[in-house]
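Notes to accompany the following structure.
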Amino acid sequence: MTRELEARYRAALRWYPESWRRHNADAVVGMLLDGADHDGRTEPAPGELTDLVLRGLAARAAVVLPAGVRSGAATLAFGYGFAFSLVAFWSSWWAPFSRYRSWLRETTPDVSTFGSFLSPGVVLTVLWSAALVLFLIGSGRASRVVLAVSGVVAMLLPSANALVPGWDGPSATNLVFFALAAFVAASAVPSRRALVIGVPLWILLFVGVYAWNAMLTPDMPSDRQFWYVFAARVPPAVVVALLIVVAIVLLLLRRPGAVGVVALAALPWTAGWYLATIRDNPSGAIGWGVATVFACTLAAVLLLALHRSGVRIVVERPRIAARKAR
């Protein structure tokens with residue numbers, strides 16, 4: 001029976017990277033077997049195999065996305081996700097000063113409102129706010145759990161809309177955005193200092209953008225107004241092209257970790273941008289998608305060719321260059 005138990009433990013450890021198993025598998029299996037022998041068990045403890053699987057998947061993710069990369073992306077996603085949920089709550093999900101708010105309720109009686117709010121999207125704002133408060137008071141683990149719950153809620157809201165027909169929103173574009181942003185934000189412990197500084201800056205940025213485009217107090221509150229204004233003007237291929245340029249500059253500056261941070265943090269925006277575009281212009285979105293894949297492939301091939309050729313292009317800061325000249 002011990003051999004069978006050992007085989008089950010080793011099978012669960014296959015979820016870990018090979019390099020980890022090579023250095024740690026024997027020791028971990030020995031500890032697990034000792035624990036089973038101490039408890040008089042011939043089977044794994046309840047939840048033990050599941051825990052090993054989850055930890056193994058986390059270890060594999062850490063190989064592809066190191067903790068520093070995930071922490072940087074989590075900090076950015078936490079900041080912009082919270083700020084975006086606030087402006088969406090103010091301008092769309094509540095819209096207290098919209099001139100057509102009362103008119104909408106009177107002329108569209110079939111549309112169900114979420115209490116005093118226009119949309120159940122307010123639940124997302126509450127969850128993001130709760131996650132931020134928990135993080136600031138030192139409950140980091142609880143904060144990440146609430147963020148993960150927020151992502152799940154964003155995925156389940158369409159089902160709730162089916163149960164309570166007539167709820168106006170949130171839109172699928174925003175639900176995908178907030179779900180991805182929540183999971184990125186919950187993927188690692190964010191930088192406390194960067195988040196404390198970044199959240200007010202994100203709020204100022206969103207408020208400024210919304211005010212500049214007359215979206216803080218819109219005539220007709222719309223859950224997709226941000227995407228109507230910006231995604232309609234800027235094709236997603238342009239967004240991806242800008243990200244590629246940023247990645248190349250960061251690589252030239254010898255900041256490969258920052259490339260991963262930007263790529264992971266930009267994922268919710270890219271997905272939202274593309275969904276908003278494909279809904280309004282499907283044929284154009286397909287063309288932009290093909291162009292984006294081509295651009296990404298070409299950039300990857302060029303970078304690989306430069307790496308194999310041994311050519312190194314380095315951008316030096318002026319101070320460093322001046323010191324070397326001396």
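Quick note on naming: the chains in the structure tokens go A, B, ... in the order shown, residues restart at 1 in each chain, and ligands are numbered from 1 in order of appearance.
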For segment 222-279 of chain A against segment 169-192 of chain A, with a cut-off of 8 Å and counting only C-alpha atoms, what is the closest atom pair and its distance in Å to one decimal for every residue that makes the cut, ordered by chain and number, as a Markdown table?
```
| residue | atom | partner | partner_atom | distance |
| --- | --- | --- | --- | --- |
| A:Asp223 | CA | A:Pro170 | CA | 6.1 |
| A:Arg224 | CA | A:Ser171 | CA | 6.6 |
| A:Leu264 | CA | A:Val184 | CA | 7.4 |
| A:Ala265 | CA | A:Val184 | CA | 7.1 |
| A:Leu267 | CA | A:Leu180 | CA | 7.5 |
| A:Pro268 | CA | A:Phe177 | CA | 4.9 |
| A:Trp269 | CA | A:Phe177 | CA | 6.6 |
| A:Ala271 | CA | A:Phe177 | CA | 6.8 |
| A:Gly272 | CA | A:Phe177 | CA | 5.3 |
| A:Leu275 | CA | A:Thr173 | CA | 5.9 |
| A:Ala276 | CA | A:Thr173 | CA | 6.0 |
```
Export, as a CSV table (one decimal), in the first residue's frame, the selected residues with N, CA and C atoms.
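Saved file part_39.csv follows:
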```
chain,number,residue,atom,x,y,z
A,223,ASP,N,-23.3,51.9,-20.9
A,223,ASP,CA,-22.2,51.1,-20.3
A,223,ASP,C,-21.0,51.0,-21.2
A,224,ARG,N,-21.2,51.2,-22.5
A,224,ARG,CA,-20.1,51.0,-23.4
A,224,ARG,C,-19.6,52.4,-24.0
A,264,LEU,N,1.3,41.6,-19.8
A,264,LEU,CA,0.2,41.0,-18.9
A,264,LEU,C,-0.8,42.0,-18.5
A,265,ALA,N,-0.3,43.2,-18.1
A,265,ALA,CA,-1.3,44.3,-17.7
A,265,ALA,C,-2.1,44.8,-18.8
A,267,LEU,N,-3.3,43.0,-21.3
A,267,LEU,CA,-4.2,41.9,-21.8
A,267,LEU,C,-5.7,42.3,-21.7
A,268,PRO,N,-6.2,42.8,-20.5
A,268,PRO,CA,-7.6,43.2,-20.4
A,268,PRO,C,-8.0,44.3,-21.4
A,269,TRP,N,-7.1,45.3,-21.6
A,269,TRP,CA,-7.4,46.4,-22.5
A,269,TRP,C,-7.4,45.9,-23.9
A,271,ALA,N,-8.1,42.9,-25.0
A,271,ALA,CA,-9.3,42.1,-25.2
A,271,ALA,C,-10.6,43.0,-25.3
A,272,GLY,N,-10.7,43.9,-24.4
A,272,GLY,CA,-11.8,44.8,-24.4
A,272,GLY,C,-11.9,45.6,-25.7
A,275,LEU,N,-13.0,43.3,-28.6
A,275,LEU,CA,-14.4,42.9,-28.5
A,275,LEU,C,-15.3,44.1,-28.9
A,276,ALA,N,-14.9,45.3,-28.4
A,276,ALA,CA,-15.7,46.5,-28.8
A,276,ALA,C,-15.7,46.7,-30.3
```
Skip Asn213 of chain A itself and residues of its chain fewer than 5 positions away, then list as a compact mmCIF listing (two decimals) with N, CA and C atoms, in the first residue's frame all residues within 10 Å of it, counting only C-alpha atoms.
```txt
# COMPACT_ATOMS: atom_id res chain seq x y z
N VAL A 207 -10.84 60.37 -14.78
CA VAL A 207 -11.75 61.50 -14.62
C VAL A 207 -11.44 62.57 -15.66
N GLY A 208 -10.15 62.82 -15.91
CA GLY A 208 -9.78 63.80 -16.92
C GLY A 208 -10.24 63.40 -18.31
N PRO A 218 -23.10 62.10 -18.93
CA PRO A 218 -23.57 61.93 -20.30
C PRO A 218 -25.07 62.17 -20.42
N PHE A 226 -17.20 54.38 -23.04
CA PHE A 226 -15.75 54.47 -23.19
C PHE A 226 -15.30 53.81 -24.48
N VAL A 229 -16.33 55.69 -27.69
CA VAL A 229 -15.53 56.89 -28.00
C VAL A 229 -14.14 56.53 -28.48
```
Got a sec: who's within 12 Å of Pro221 of chain A, counting only C-alpha atoms, leaving out chain neighbours fewer than 5 positions off, as an MDAnalysis selection string?
chainID A and resid 87:105 117:119 168:170 214:216 226 228
Which of A:Ser85, A:Ala25, A:Gly79, A:Ala61 sits closest to Pro200 of chain A [using only C-alpha atoms]:
A:Gly79
